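For reference, coords-v3.pdb is printed below; it contains PDB, C-alpha atoms.
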```pdb
ATOM      1  CA  MET Q   8       0.000   0.000   0.000
ATOM      2  CA  SER Q   9       1.387   3.390  -0.962
ATOM      3  CA  ILE Q  10       1.619   6.318   1.427
ATOM      4  CA  HIS Q  11       0.587   9.620  -0.134
ATOM      5  CA  TRP Q  12       2.944  12.465   0.770
ATOM      6  CA  GLY Q  13       2.512  16.219   0.767
ATOM      7  CA  ILE Q  14       5.604  18.426   0.962
ATOM      8  CA  ALA Q  15       5.646  21.728   2.876
ATOM      9  CA  GLY Q  16       8.573  23.803   1.689
ATOM     10  CA  ALA Q  17      10.456  23.745  -1.612
ATOM     11  CA  GLY Q  18      14.021  24.274  -0.402
ATOM     12  CA  LYS Q  19      17.159  22.165  -0.573
ATOM     13  CA  ILE Q  20      16.261  19.718   2.182
ATOM     14  CA  SER Q  21      12.813  19.095   0.686
ATOM     15  CA  HIS Q  22      14.527  18.465  -2.663
ATOM     16  CA  ASP Q  23      16.710  15.782  -1.097
ATOM     17  CA  PHE Q  24      13.809  14.150   0.745
ATOM     18  CA  VAL Q  25      11.614  13.978  -2.355
ATOM     19  CA  THR Q  26      14.538  12.785  -4.477
ATOM     20  CA  CYS Q  27      15.044   9.952  -2.015
ATOM     21  CA  LEU Q  28      11.335   9.057  -2.242
ATOM     22  CA  ARG Q  29      11.752   8.752  -6.006
ATOM     23  CA  THR Q  30      14.243   5.930  -5.440
ATOM     24  CA  LEU Q  31      11.537   3.916  -3.638
ATOM     25  CA  PRO Q  32       8.688   1.962  -5.272
ATOM     26  CA  GLU Q  33       5.549   3.934  -6.125
ATOM     27  CA  SER Q  34       3.638   1.068  -4.562
ATOM     28  CA  GLU Q  35       5.042   2.314  -1.234
ATOM     29  CA  HIS Q  36       5.550   6.095  -1.549
ATOM     30  CA  VAL Q  37       3.889   8.677  -3.795
ATOM     31  CA  VAL Q  38       4.305  12.475  -3.573
ATOM     32  CA  LEU Q  39       1.008  14.130  -4.509
ATOM     33  CA  ALA Q  40       1.586  17.821  -3.809
ATOM     34  CA  VAL Q  41       4.059  20.486  -2.746
ATOM     35  CA  ALA Q  42       3.360  23.863  -1.150
ATOM     36  CA  ALA Q  43       5.592  26.914  -0.757
ATOM     37  CA  ARG Q  44       5.014  30.558   0.098
ATOM     38  CA  GLU Q  45       5.601  31.512  -3.546
ATOM     39  CA  LEU Q  46       3.670  29.654  -6.253
ATOM     40  CA  SER Q  47       6.585  29.870  -8.695
ATOM     41  CA  ARG Q  48       8.843  27.988  -6.293
ATOM     42  CA  ALA Q  49       6.230  25.295  -5.740
ATOM     43  CA  GLN Q  50       5.655  25.000  -9.497
ATOM     44  CA  ASN Q  51       9.366  24.746 -10.259
ATOM     45  CA  PHE Q  52       9.718  22.099  -7.566
ATOM     46  CA  SER Q  53       6.712  20.123  -8.827
ATOM     47  CA  SER Q  54       8.006  20.268 -12.394
ATOM     48  CA  LEU Q  55      11.456  19.042 -11.390
ATOM     49  CA  HIS Q  56      10.085  16.172  -9.313
ATOM     50  CA  LYS Q  57       7.051  15.338 -11.487
ATOM     51  CA  ILE Q  58       4.563  16.181  -8.708
ATOM     52  CA  LYS Q  59       0.972  16.721  -9.866
ATOM     53  CA  LYS Q  60      -0.068  19.582  -7.592
ATOM     54  CA  ALA Q  61       1.660  22.821  -6.568
ATOM     55  CA  PHE Q  62       0.193  25.234  -4.010
ATOM     56  CA  ASP Q  63       1.204  28.673  -2.738
ATOM     57  CA  SER Q  64      -0.650  28.024   0.512
ATOM     58  CA  TYR Q  65       0.006  25.496   3.243
ATOM     59  CA  VAL Q  66      -3.739  25.589   3.966
ATOM     60  CA  GLU Q  67      -4.439  24.168   0.494
ATOM     61  CA  LEU Q  68      -1.968  21.384   1.197
ATOM     62  CA  ALA Q  69      -3.641  20.671   4.527
ATOM     63  CA  GLU Q  70      -7.079  20.568   2.911
ATOM     64  CA  ASP Q  71      -6.090  18.060   0.211
ATOM     65  CA  LYS Q  72      -7.959  14.943   1.308
ATOM     66  CA  ASN Q  73      -5.778  12.610  -0.756
ATOM     67  CA  ILE Q  74      -2.667  13.291   1.340
ATOM     68  CA  ASP Q  75      -1.833  10.957   4.228
ATOM     69  CA  VAL Q  76       1.302  12.525   5.652
ATOM     70  CA  VAL Q  77       3.111  15.843   5.276
ATOM     71  CA  TYR Q  78       6.872  16.322   5.322
ATOM     72  CA  ILE Q  79       7.788  19.766   6.680
ATOM     73  CA  GLY Q  80      11.086  21.095   5.340
ATOM     74  CA  THR Q  81      10.642  24.817   5.986
ATOM     75  CA  LEU Q  82      12.704  27.158   8.157
ATOM     76  CA  HIS Q  83      12.661  26.380  11.897
ATOM     77  CA  PRO Q  84      10.259  29.138  13.051
ATOM     78  CA  GLN Q  85       7.582  27.854  10.649
ATOM     79  CA  HIS Q  86       7.621  24.257  11.886
ATOM     80  CA  PHE Q  87       5.196  24.712  14.780
ATOM     81  CA  ASP Q  88       2.435  26.532  12.917
ATOM     82  CA  ILE Q  89       2.600  24.321   9.826
ATOM     83  CA  ALA Q  90       2.655  21.121  11.885
ATOM     84  CA  LYS Q  91      -0.359  22.330  13.908
ATOM     85  CA  LEU Q  92      -2.183  23.168  10.685
ATOM     86  CA  MET Q  93      -1.563  19.709   9.268
ATOM     87  CA  LEU Q  94      -2.522  17.876  12.449
ATOM     88  CA  ASN Q  95      -5.720  19.910  12.749
ATOM     89  CA  HIS Q  96      -6.597  18.791   9.220
ATOM     90  CA  GLY Q  97      -6.052  15.126  10.010
ATOM     91  CA  LYS Q  98      -2.616  14.724   8.460
ATOM     92  CA  HIS Q  99       0.234  12.668   9.884
ATOM     93  CA  VAL Q 100       3.438  14.717  10.168
ATOM     94  CA  LEU Q 101       7.151  14.195   9.658
ATOM     95  CA  CYS Q 102       8.805  17.502  10.592
ATOM     96  CA  GLU Q 103      12.452  18.337  10.081
ATOM     97  CA  LYS Q 104      14.521  18.926  13.164
ATOM     98  CA  PRO Q 105      14.260  20.877  15.349
ATOM     99  CA  LEU Q 106      10.622  19.885  15.744
ATOM    100  CA  THR Q 107       9.894  23.382  17.083
ATOM    101  CA  MET Q 108      11.741  26.360  18.539
ATOM    102  CA  ASN Q 109      11.443  25.318  22.196
ATOM    103  CA  LEU Q 110      10.067  22.853  24.737
ATOM    104  CA  LYS Q 111       6.800  24.787  25.153
ATOM    105  CA  GLN Q 112       5.949  24.437  21.469
ATOM    106  CA  THR Q 113       7.153  20.831  21.284
ATOM    107  CA  THR Q 114       4.965  19.840  24.233
ATOM    108  CA  GLU Q 115       1.911  21.494  22.678
ATOM    109  CA  LEU Q 116       2.516  19.836  19.316
ATOM    110  CA  ILE Q 117       2.972  16.354  20.780
ATOM    111  CA  ASN Q 118      -0.140  16.750  22.930
ATOM    112  CA  LEU Q 119      -2.125  17.799  19.845
ATOM    113  CA  ALA Q 120      -0.928  14.769  17.877
ATOM    114  CA  LYS Q 121      -1.926  12.482  20.738
ATOM    115  CA  GLU Q 122      -5.327  14.164  20.999
ATOM    116  CA  LYS Q 123      -5.884  13.723  17.249
ATOM    117  CA  LYS Q 124      -4.446  10.165  17.321
ATOM    118  CA  LEU Q 125      -2.092  11.067  14.478
ATOM    119  CA  PHE Q 126       1.510  10.103  13.795
ATOM    120  CA  LEU Q 127       4.088  12.797  14.577
ATOM    121  CA  MET Q 128       7.847  12.405  14.265
ATOM    122  CA  GLU Q 129      10.755  14.799  14.508
ATOM    123  CA  GLY Q 130      13.011  14.240  11.525
ATOM    124  CA  ILE Q 131      16.094  13.107  13.396
ATOM    125  CA  TRP Q 132      16.957  10.894  10.443
ATOM    126  CA  SER Q 133      20.177   9.733  12.111
ATOM    127  CA  ARG Q 134      18.183   7.391  14.337
ATOM    128  CA  CYS Q 135      16.908   5.515  11.265
ATOM    129  CA  PHE Q 136      20.338   4.651   9.823
ATOM    130  CA  PRO Q 137      21.110   0.925  10.249
ATOM    131  CA  ILE Q 138      24.494   1.781  11.788
ATOM    132  CA  TYR Q 139      22.699   3.118  14.880
ATOM    133  CA  GLU Q 140      21.198  -0.314  15.583
ATOM    134  CA  THR Q 141      24.631  -1.891  15.208
ATOM    135  CA  LEU Q 142      26.121   0.743  17.510
ATOM    136  CA  LYS Q 143      23.602   0.125  20.285
ATOM    137  CA  LYS Q 144      24.118  -3.649  20.094
ATOM    138  CA  GLU Q 145      27.888  -3.206  20.255
ATOM    139  CA  ILE Q 146      27.646  -1.057  23.391
ATOM    140  CA  GLU Q 147      25.164  -3.459  25.002
ATOM    141  CA  SER Q 148      27.517  -6.358  24.291
ATOM    142  CA  GLY Q 149      30.001  -4.826  26.743
ATOM    143  CA  SER Q 150      32.859  -4.825  24.236
ATOM    144  CA  ILE Q 151      34.022  -1.354  25.309
ATOM    145  CA  GLY Q 152      33.068  -1.801  28.968
ATOM    146  CA  ASP Q 153      31.245   0.876  30.919
ATOM    147  CA  VAL Q 154      30.780   4.057  28.880
ATOM    148  CA  HIS Q 155      32.045   7.152  30.689
ATOM    149  CA  GLN Q 156      32.567   9.658  27.883
ATOM    150  CA  VAL Q 157      30.811  10.736  24.698
ATOM    151  CA  LEU Q 158      32.501  13.308  22.460
ATOM    152  CA  VAL Q 159      30.690  14.891  19.512
ATOM    153  CA  SER Q 160      31.731  17.707  17.195
ATOM    154  CA  PHE Q 161      29.537  19.110  14.454
ATOM    155  CA  GLY Q 162      30.392  22.236  12.525
ATOM    156  CA  PHE Q 163      30.914  23.678   9.067
ATOM    157  CA  ARG Q 164      32.258  26.972   7.800
ATOM    158  CA  MET Q 165      28.977  28.738   6.972
ATOM    159  CA  PRO Q 166      29.420  32.386   8.037
ATOM    160  CA  ASP Q 167      27.098  33.694   5.308
ATOM    161  CA  VAL Q 168      24.277  31.137   5.495
ATOM    162  CA  GLN Q 169      21.275  33.223   6.544
ATOM    163  CA  ARG Q 170      19.251  30.465   8.232
ATOM    164  CA  LEU Q 171      22.160  29.964  10.636
ATOM    165  CA  ASN Q 172      22.975  33.586  11.344
ATOM    166  CA  ILE Q 173      19.697  35.554  11.378
ATOM    167  CA  LYS Q 174      17.555  35.378  14.518
ATOM    168  CA  SER Q 175      14.187  35.773  12.774
ATOM    169  CA  LEU Q 176      15.013  32.710  10.660
ATOM    170  CA  GLY Q 177      15.708  30.624  13.756
ATOM    171  CA  GLY Q 178      19.462  31.017  13.420
ATOM    172  CA  GLY Q 179      22.038  29.471  15.711
ATOM    173  CA  THR Q 180      24.075  26.294  15.873
ATOM    174  CA  VAL Q 181      22.216  24.816  18.853
ATOM    175  CA  LEU Q 182      18.939  24.370  16.971
ATOM    176  CA  ASP Q 183      20.443  23.624  13.570
ATOM    177  CA  LEU Q 184      23.431  21.435  14.454
ATOM    178  CA  GLY Q 185      23.290  20.853  18.195
ATOM    179  CA  VAL Q 186      20.176  18.710  17.927
ATOM    180  CA  TYR Q 187      22.308  15.983  16.327
ATOM    181  CA  GLY Q 188      24.916  15.945  19.069
ATOM    182  CA  ILE Q 189      22.269  16.143  21.800
ATOM    183  CA  GLN Q 190      20.255  13.252  20.391
ATOM    184  CA  PHE Q 191      23.458  11.209  20.097
ATOM    185  CA  ALA Q 192      24.306  11.709  23.762
ATOM    186  CA  CYS Q 193      20.710  10.848  24.668
ATOM    187  CA  LEU Q 194      20.956   7.660  22.600
ATOM    188  CA  ILE Q 195      24.157   6.471  24.253
ATOM    189  CA  PHE Q 196      22.977   7.288  27.784
ATOM    190  CA  ASN Q 197      19.489   5.822  27.239
ATOM    191  CA  ASN Q 198      17.639   9.151  27.432
ATOM    192  CA  GLU Q 199      18.799   9.824  30.969
ATOM    193  CA  ILE Q 200      18.451  13.460  31.997
ATOM    194  CA  PRO Q 201      21.868  14.889  32.917
ATOM    195  CA  HIS Q 202      22.028  16.261  36.446
ATOM    196  CA  THR Q 203      24.148  19.200  35.247
ATOM    197  CA  VAL Q 204      24.349  21.104  31.967
ATOM    198  CA  GLN Q 205      27.241  23.491  31.374
ATOM    199  CA  ALA Q 206      27.289  25.557  28.175
ATOM    200  CA  ALA Q 207      29.181  28.534  26.788
ATOM    201  CA  GLY Q 208      29.384  30.024  23.329
ATOM    202  CA  CYS Q 209      29.965  32.975  21.040
ATOM    203  CA  LEU Q 210      27.099  35.064  19.642
ATOM    204  CA  ASN Q 211      26.972  37.217  16.511
ATOM    205  CA  GLU Q 212      25.519  40.718  16.288
ATOM    206  CA  GLU Q 213      22.055  39.175  15.791
ATOM    207  CA  GLY Q 214      22.361  37.498  19.181
ATOM    208  CA  VAL Q 215      22.448  33.934  17.873
ATOM    209  CA  ASP Q 216      25.137  31.398  18.636
ATOM    210  CA  GLN Q 217      27.910  30.786  16.113
ATOM    211  CA  SER Q 218      29.714  28.319  18.342
ATOM    212  CA  VAL Q 219      28.772  26.477  21.512
ATOM    213  CA  SER Q 220      30.568  24.021  23.772
ATOM    214  CA  THR Q 221      28.295  21.987  26.024
ATOM    215  CA  THR Q 222      28.935  19.396  28.697
ATOM    216  CA  PHE Q 223      26.305  17.061  30.143
ATOM    217  CA  LEU Q 224      27.149  15.494  33.488
ATOM    218  CA  TYR Q 225      25.438  12.234  34.457
ATOM    219  CA  LYS Q 226      25.494  10.188  37.635
ATOM    220  CA  GLY Q 227      28.280   7.645  37.860
ATOM    221  CA  ASN Q 228      30.970  10.011  36.570
ATOM    222  CA  ARG Q 229      29.690   9.938  32.993
ATOM    223  CA  THR Q 230      30.074  12.897  30.651
ATOM    224  CA  ALA Q 231      29.006  13.988  27.178
ATOM    225  CA  THR Q 232      30.752  16.866  25.427
ATOM    226  CA  ILE Q 233      29.166  18.476  22.361
ATOM    227  CA  ILE Q 234      30.725  21.193  20.200
ATOM    228  CA  THR Q 235      28.893  23.058  17.415
ATOM    229  CA  HIS Q 236      30.279  25.700  15.058
ATOM    230  CA  CYS Q 237      29.382  27.652  11.922
ATOM    231  CA  LEU Q 238      32.685  29.519  11.456
ATOM    232  CA  VAL Q 239      35.043  26.557  10.999
ATOM    233  CA  ASP Q 240      34.884  22.961   9.818
ATOM    234  CA  LEU Q 241      34.982  20.546  12.747
ATOM    235  CA  PRO Q 242      35.936  16.840  12.557
ATOM    236  CA  ASN Q 243      32.216  15.950  12.622
ATOM    237  CA  GLU Q 244      32.782  12.646  14.382
ATOM    238  CA  ALA Q 245      31.452  11.013  17.515
ATOM    239  CA  TYR Q 246      33.402   8.935  20.027
ATOM    240  CA  ILE Q 247      32.004   6.613  22.670
ATOM    241  CA  ILE Q 248      34.709   5.835  25.209
ATOM    242  CA  GLY Q 249      34.409   3.029  27.720
ATOM    243  CA  THR Q 250      36.580   1.329  30.312
ATOM    244  CA  LYS Q 251      37.679  -1.327  27.783
ATOM    245  CA  GLY Q 252      37.847   0.588  24.529
ATOM    246  CA  MET Q 253      36.431   3.176  22.163
ATOM    247  CA  ILE Q 254      34.037   3.381  19.224
ATOM    248  CA  LYS Q 255      34.434   6.051  16.545
ATOM    249  CA  VAL Q 256      31.485   7.110  14.376
ATOM    250  CA  PRO Q 257      32.518   9.175  11.333
ATOM    251  CA  ASN Q 258      29.708  11.349   9.937
ATOM    252  CA  PHE Q 259      27.747  10.442  13.056
ATOM    253  CA  TRP Q 260      24.585  12.269  11.903
ATOM    254  CA  CYS Q 261      24.310  10.087   8.756
ATOM    255  CA  PRO Q 262      26.793   7.257   9.351
ATOM    256  CA  THR Q 263      27.655   4.295   7.193
ATOM    257  CA  THR Q 264      30.740   3.192   9.167
ATOM    258  CA  LEU Q 265      31.644   2.230  12.724
ATOM    259  CA  GLU Q 266      35.246   1.915  13.902
ATOM    260  CA  LEU Q 267      35.284  -0.670  16.687
ATOM    261  CA  PRO Q 268      38.166  -2.097  18.708
ATOM    262  CA  SER Q 269      37.702  -5.259  16.616
ATOM    263  CA  GLY Q 270      37.713  -3.444  13.270
ATOM    264  CA  LYS Q 271      35.457  -1.501  10.921
ATOM    265  CA  ILE Q 272      31.821  -2.189  10.079
ATOM    266  CA  ASN Q 273      30.383  -0.699   6.885
ATOM    267  CA  ILE Q 274      26.722  -0.570   5.877
ATOM    268  CA  PRO Q 275      26.647   1.144   2.476
ATOM    269  CA  LEU Q 276      23.833   3.432   1.386
ATOM    270  CA  PRO Q 277      21.426   2.377  -1.363
ATOM    271  CA  GLU Q 278      22.891   3.098  -4.792
ATOM    272  CA  THR Q 279      21.306   5.835  -6.872
ATOM    273  CA  GLU Q 280      22.098   8.079  -9.830
ATOM    274  CA  TYR Q 281      20.082  10.984  -8.427
ATOM    275  CA  LYS Q 282      21.863  14.150  -7.306
ATOM    276  CA  PHE Q 283      21.500  15.500  -3.752
ATOM    277  CA  ASN Q 284      22.374  18.755  -2.007
ATOM    278  CA  PHE Q 285      23.718  17.228   1.194
ATOM    279  CA  ILE Q 286      25.940  14.326   2.171
ATOM    280  CA  ASN Q 287      24.345  10.856   2.333
ATOM    281  CA  SER Q 288      20.857  12.254   1.659
ATOM    282  CA  VAL Q 289      19.805   9.019  -0.010
ATOM    283  CA  GLY Q 290      19.718   7.803   3.603
ATOM    284  CA  PHE Q 291      16.357   9.571   3.878
ATOM    285  CA  VAL Q 292      14.954   6.279   2.577
ATOM    286  CA  TYR Q 293      15.409   4.800   6.056
ATOM    287  CA  GLU Q 294      13.389   7.606   7.649
ATOM    288  CA  ALA Q 295      10.682   7.523   4.965
ATOM    289  CA  ASN Q 296      10.246   3.783   5.369
ATOM    290  CA  GLU Q 297      10.073   4.148   9.148
ATOM    291  CA  VAL Q 298       7.243   6.678   8.762
ATOM    292  CA  ARG Q 299       5.383   4.415   6.333
ATOM    293  CA  ASN Q 300       5.759   1.365   8.578
ATOM    294  CA  CYS Q 301       4.492   3.299  11.604
ATOM    295  CA  ILE Q 302       1.469   4.719   9.791
ATOM    296  CA  LEU Q 303       0.500   1.340   8.330
ATOM    297  CA  ALA Q 304       0.900  -0.214  11.786
ATOM    298  CA  GLY Q 305      -1.451   2.407  13.236
ATOM    299  CA  VAL Q 306       1.039   3.770  15.766
ATOM    300  CA  THR Q 307       1.347   7.484  16.542
ATOM    301  CA  GLU Q 308       5.064   7.656  17.279
ATOM    302  CA  SER Q 309       8.240   5.962  16.127
ATOM    303  CA  SER Q 310      10.253   3.785  18.462
ATOM    304  CA  LYS Q 311      13.374   5.192  16.774
ATOM    305  CA  VAL Q 312      12.474   8.838  17.454
ATOM    306  CA  PRO Q 313       9.794   8.641  20.162
ATOM    307  CA  HIS Q 314       8.083  11.704  21.577
ATOM    308  CA  ASN Q 315       9.980  11.482  24.860
ATOM    309  CA  VAL Q 316      13.245  11.915  22.930
ATOM    310  CA  SER Q 317      11.959  15.038  21.166
ATOM    311  CA  LEU Q 318      10.854  16.450  24.530
ATOM    312  CA  LEU Q 319      14.221  15.709  26.143
ATOM    313  CA  VAL Q 320      16.145  17.195  23.217
ATOM    314  CA  ALA Q 321      13.977  20.347  23.327
ATOM    315  CA  GLN Q 322      14.468  20.628  27.098
ATOM    316  CA  LEU Q 323      18.247  20.418  26.733
ATOM    317  CA  GLU Q 324      18.281  22.866  23.804
ATOM    318  CA  ASP Q 325      16.324  25.351  25.920
ATOM    319  CA  GLU Q 326      18.785  25.057  28.784
ATOM    320  CA  ILE Q 327      21.822  25.410  26.539
ATOM    321  CA  ARG Q 328      20.339  28.515  24.909
ATOM    322  CA  ARG Q 329      19.491  29.947  28.333
ATOM    323  CA  GLN Q 330      23.089  29.618  29.475
ATOM    324  CA  VAL Q 331      24.544  30.949  26.235
ATOM    325  CA  GLY Q 332      22.036  33.817  26.102
ATOM    326  CA  VAL Q 333      20.031  33.065  22.945
ATOM    327  CA  THR Q 334      16.322  33.885  22.914
ATOM    328  CA  TYR Q 335      13.687  33.951  20.180
ATOM    329  CA  LEU Q 336      10.312  35.636  19.832
ATOM    330  CA  GLU Q 337       8.740  32.190  20.229
ATOM    331  CA  ASP Q 338      10.151  31.935  23.766
TER     332      ASP Q 338
END
```
Rewritten as structure tokens:
Amino acid sequence: MSIHWGIAGAGKISHDFVTCLRTLPESEHVVLAVAARELSRAQNFSSLHKIKKAFDSYVELAEDKNIDVVYIGTLHPQHFDIAKLMLNHGKHVLCEKPLTMNLKQTTELINLAKEKKLFLMEGIWSRCFPIYETLKKEIESGSIGDVHQVLVSFGFRMPDVQRLNIKSLGGGTVLDLGVYGIQFACLIFNNEIPHTVQAAGCLNEEGVDQSVSTTFLYKGNRTATIITHCLVDLPNEAYIIGTKGMIKVPNFWCPTTLELPSGKINIPLPETEYKFNFINSVGFVYEANEVRNCILAGVTESSKVPHNVSLLVAQLEDEIRRQVGVTYLED
């Protein structure tokens, strides 16, 4: 049975998501419509991706009764309102990370989805990569002993990218990049709430963070350290360090390789001739299939990115921003 998708937003990330859907069988995934704030953008997008309908209104997308689920790939500040609109019109929702701008909005959105008995998932696509399952099993096997340290760096030289540097666009590395490091720490430490959060960073003239260093302290002398940056390229790797050894995860946000004490494990991405804007974007197939499986199973949240994870990530993002001194109108 095919799932009928609507796409909210016609930017680069939506391009990659829809391109990935085109690699999957039409008997499983079909994109019926795209909406953007400008009709010309929606029409160009629909023409490129052979989508039948193009709207210049998210309301029109929400009112299309043939759509089962909407992928939201707009700028961060628009996520909350568009997701609410879709849920209130009976649509399941897959929303790019961050799900919303803060914990208050995330809580409201999750409560609405539960009230409507609709599927809602934050697009932390990392959790859907097969390597993450292998990683968890390796840690649970005890091969690296008791884990005491997680190290994550995630940063690119993007000083002129507006969505990262302008406050009204939801700029800042915590919401755009930090979500990946935070969710990784949460994964390794089984969604335990750290007893202490320590964060410091540098802000631009807009008052949004261009770099942040964060430490989570957990009981039992366990620590996670997360660094985000938009002025320099960071190693963009994760390390899980235990009493018996260490695991390295290159490209931890979309990984295909694990470096274990016993050697490397590779799980290659599906092959495709399509062109993408971002690294490993064909890996969206894992996330898309997770959404389809959940909807067909009649469940309202994914076990890979459950609601409690989105709430915890939002809570930690709020605290980091509080310490660094970043606020938004939505707060």
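Closest to Glu145 (chain Q) among Q:Leu82, Q:Leu158, Q:Cys102, Q:Ile247 is Q:Ile247, based on only C-alpha atoms.
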Kindly resolve the PyMOL selection byres ((chain Q and resi 149) around 12) on the present coordinates and return the residues as an mmCIF file with C-alpha atoms, keeping the file's coordinate frame.
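Below is the file result.cif, written as the result:
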```cif
data_model
loop_
_atom_site.group_PDB
_atom_site.id
_atom_site.type_symbol
_atom_site.label_atom_id
_atom_site.label_comp_id
_atom_site.auth_asym_id
_atom_site.auth_seq_id
_atom_site.Cartn_x
_atom_site.Cartn_y
_atom_site.Cartn_z
ATOM 1 C CA LEU Q 142 26.121 0.743 17.510
ATOM 2 C CA LYS Q 143 23.602 0.125 20.285
ATOM 3 C CA LYS Q 144 24.118 -3.649 20.094
ATOM 4 C CA GLU Q 145 27.888 -3.206 20.255
ATOM 5 C CA ILE Q 146 27.646 -1.057 23.391
ATOM 6 C CA GLU Q 147 25.164 -3.459 25.002
ATOM 7 C CA SER Q 148 27.517 -6.358 24.291
ATOM 8 C CA SER Q 150 32.859 -4.825 24.236
ATOM 9 C CA ILE Q 151 34.022 -1.354 25.309
ATOM 10 C CA GLY Q 152 33.068 -1.801 28.968
ATOM 11 C CA ASP Q 153 31.245 0.876 30.919
ATOM 12 C CA VAL Q 154 30.780 4.057 28.880
ATOM 13 C CA ILE Q 248 34.709 5.835 25.209
ATOM 14 C CA GLY Q 249 34.409 3.029 27.720
ATOM 15 C CA THR Q 250 36.580 1.329 30.312
ATOM 16 C CA LYS Q 251 37.679 -1.327 27.783
ATOM 17 C CA GLY Q 252 37.847 0.588 24.529
ATOM 18 C CA MET Q 253 36.431 3.176 22.163
ATOM 19 C CA ILE Q 254 34.037 3.381 19.224
ATOM 20 C CA PRO Q 268 38.166 -2.097 18.708
#
```
Point (6.5, 24.8, 1.8), cut-off 6 Å, counting all atoms listed in the file, residues as a PyMOL selection string: chain Q and resi 15-17+42-43+81
Enumerate, as a PyMOL selection string, the residues matched when the PyMOL selection byres ((chain Q and resi 163) around 7) is run on the file above. chain Q and resi 162+164-165+236-241
Evaluate the PyMOL selection byres ((chain Q and resi 338) around 10) and record the selected residues as a PDB file with C-alpha atoms, keeping the file's coordinate frame, following the chain and residue labels used in the document.
```pdb
ATOM      1  CA  MET Q 108      11.741  26.360  18.539  1.00  0.00           C
ATOM      2  CA  ASN Q 109      11.443  25.318  22.196  1.00  0.00           C
ATOM      3  CA  LEU Q 110      10.067  22.853  24.737  1.00  0.00           C
ATOM      4  CA  LYS Q 111       6.800  24.787  25.153  1.00  0.00           C
ATOM      5  CA  GLN Q 112       5.949  24.437  21.469  1.00  0.00           C
ATOM      6  CA  ASP Q 325      16.324  25.351  25.920  1.00  0.00           C
ATOM      7  CA  VAL Q 333      20.031  33.065  22.945  1.00  0.00           C
ATOM      8  CA  THR Q 334      16.322  33.885  22.914  1.00  0.00           C
ATOM      9  CA  TYR Q 335      13.687  33.951  20.180  1.00  0.00           C
ATOM     10  CA  LEU Q 336      10.312  35.636  19.832  1.00  0.00           C
ATOM     11  CA  GLU Q 337       8.740  32.190  20.229  1.00  0.00           C
TER      12      GLU Q 337
END
```
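The spacing separating CA of Val219 (chain Q) from CA of Glu326 (chain Q) amounts to 12.4 Å.
Between Leu176 (chain Q) and the residues Q:Gln190, Q:Val256, Q:Val292, Q:Pro84, the shortest atom-to-atom distance, using all atoms listed in the file, involves Q:Pro84.
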From the list Q:Gly97, Q:Pro313, Q:Pro242, Q:Gly214, the nearest residue to Ala69 (chain Q) using all atoms listed in the file is Q:Gly97
Starting from 8 Å padding per side, set up an axis-aligned box that covers all listed atoms of region 63-69 of chain Q and hand over centre and edge lengths in Å, one decimal, as JSON.
```
{"center_x": -1.6, "center_y": 24.7, "center_z": 0.9, "size_x": 21.6, "size_y": 24.0, "size_z": 23.3}
```
Shell around region 70-72 of chain Q at 9 Å using all atoms listed in the file, local window under 3 positions removed, as a PyMOL selection string: chain Q and resi 13+40+65-67+75+93+96-98
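Here the question is which of Q:Ile131, Q:Ser288, Q:Ile20, Q:Gly332 gets nearest to Gly208 (chain Q) using all atoms listed in the file, and that residue is Q:Gly332.
Closest approach to His155 (chain Q) from the set Q:Trp12, Q:Tyr225, Q:Phe87, Q:Phe291 is made by Q:Tyr225, with distances taken over only C-alpha atoms.
Minimum distance to Pro166 (chain Q) across Q:Asn228, Q:Ser310, Q:Gln217, Q:Asn296 (counting all atoms listed in the file) occurs at Q:Gln217.
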Please compute the CA of Leu125 (chain Q)-CA of Glu294 (chain Q) distance, one decimal, in Å. 17.3 Å
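In this model, the gap between CA of Thr180 (chain Q) and CA of Lys104 (chain Q) comes to 12.4 Å.
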Near-Asp183 (chain Q) list (9 Å; all atoms listed in the file; drop same-chain fewer than 4 positions) as number ranges by chain: Q: 83, 104-105, 170-171, 177-179, 187
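Excluding region 269-276 of chain Q itself and any same-chain residue fewer than 6 positions from it, the protein and nucleic acid residues within 7 Å of it, counting all atoms listed in the file, are Ile138, Thr263 and Gly290 of chain Q.
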Written file, previous selection with C-alpha atoms, as a PDB file, keeping the file's coordinate frame:
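Output saved as selection-v8.pdb:
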```pdb
ATOM      1  CA  ILE Q 138      24.494   1.781  11.788  1.00  0.00           C
ATOM      2  CA  THR Q 263      27.655   4.295   7.193  1.00  0.00           C
ATOM      3  CA  GLY Q 290      19.718   7.803   3.603  1.00  0.00           C
TER       4      GLY Q 290
END
```
Expected residue set, 7 Å radius at (18.0, 18.1, 21.8), all atoms listed in the file, as a PyMOL selection string: chain Q and resi 185-186+189-190+317+319-324
For C-alpha atoms, I'd like the residues from the last selection saved as a PDB file, keeping the file's coordinate frame.
```
ATOM      1  CA  GLY Q 185      23.290  20.853  18.195  1.00  0.00           C
ATOM      2  CA  VAL Q 186      20.176  18.710  17.927  1.00  0.00           C
ATOM      3  CA  ILE Q 189      22.269  16.143  21.800  1.00  0.00           C
ATOM      4  CA  GLN Q 190      20.255  13.252  20.391  1.00  0.00           C
ATOM      5  CA  SER Q 317      11.959  15.038  21.166  1.00  0.00           C
ATOM      6  CA  LEU Q 319      14.221  15.709  26.143  1.00  0.00           C
ATOM      7  CA  VAL Q 320      16.145  17.195  23.217  1.00  0.00           C
ATOM      8  CA  ALA Q 321      13.977  20.347  23.327  1.00  0.00           C
ATOM      9  CA  GLN Q 322      14.468  20.628  27.098  1.00  0.00           C
ATOM     10  CA  LEU Q 323      18.247  20.418  26.733  1.00  0.00           C
ATOM     11  CA  GLU Q 324      18.281  22.866  23.804  1.00  0.00           C
TER      12      GLU Q 324
END
```
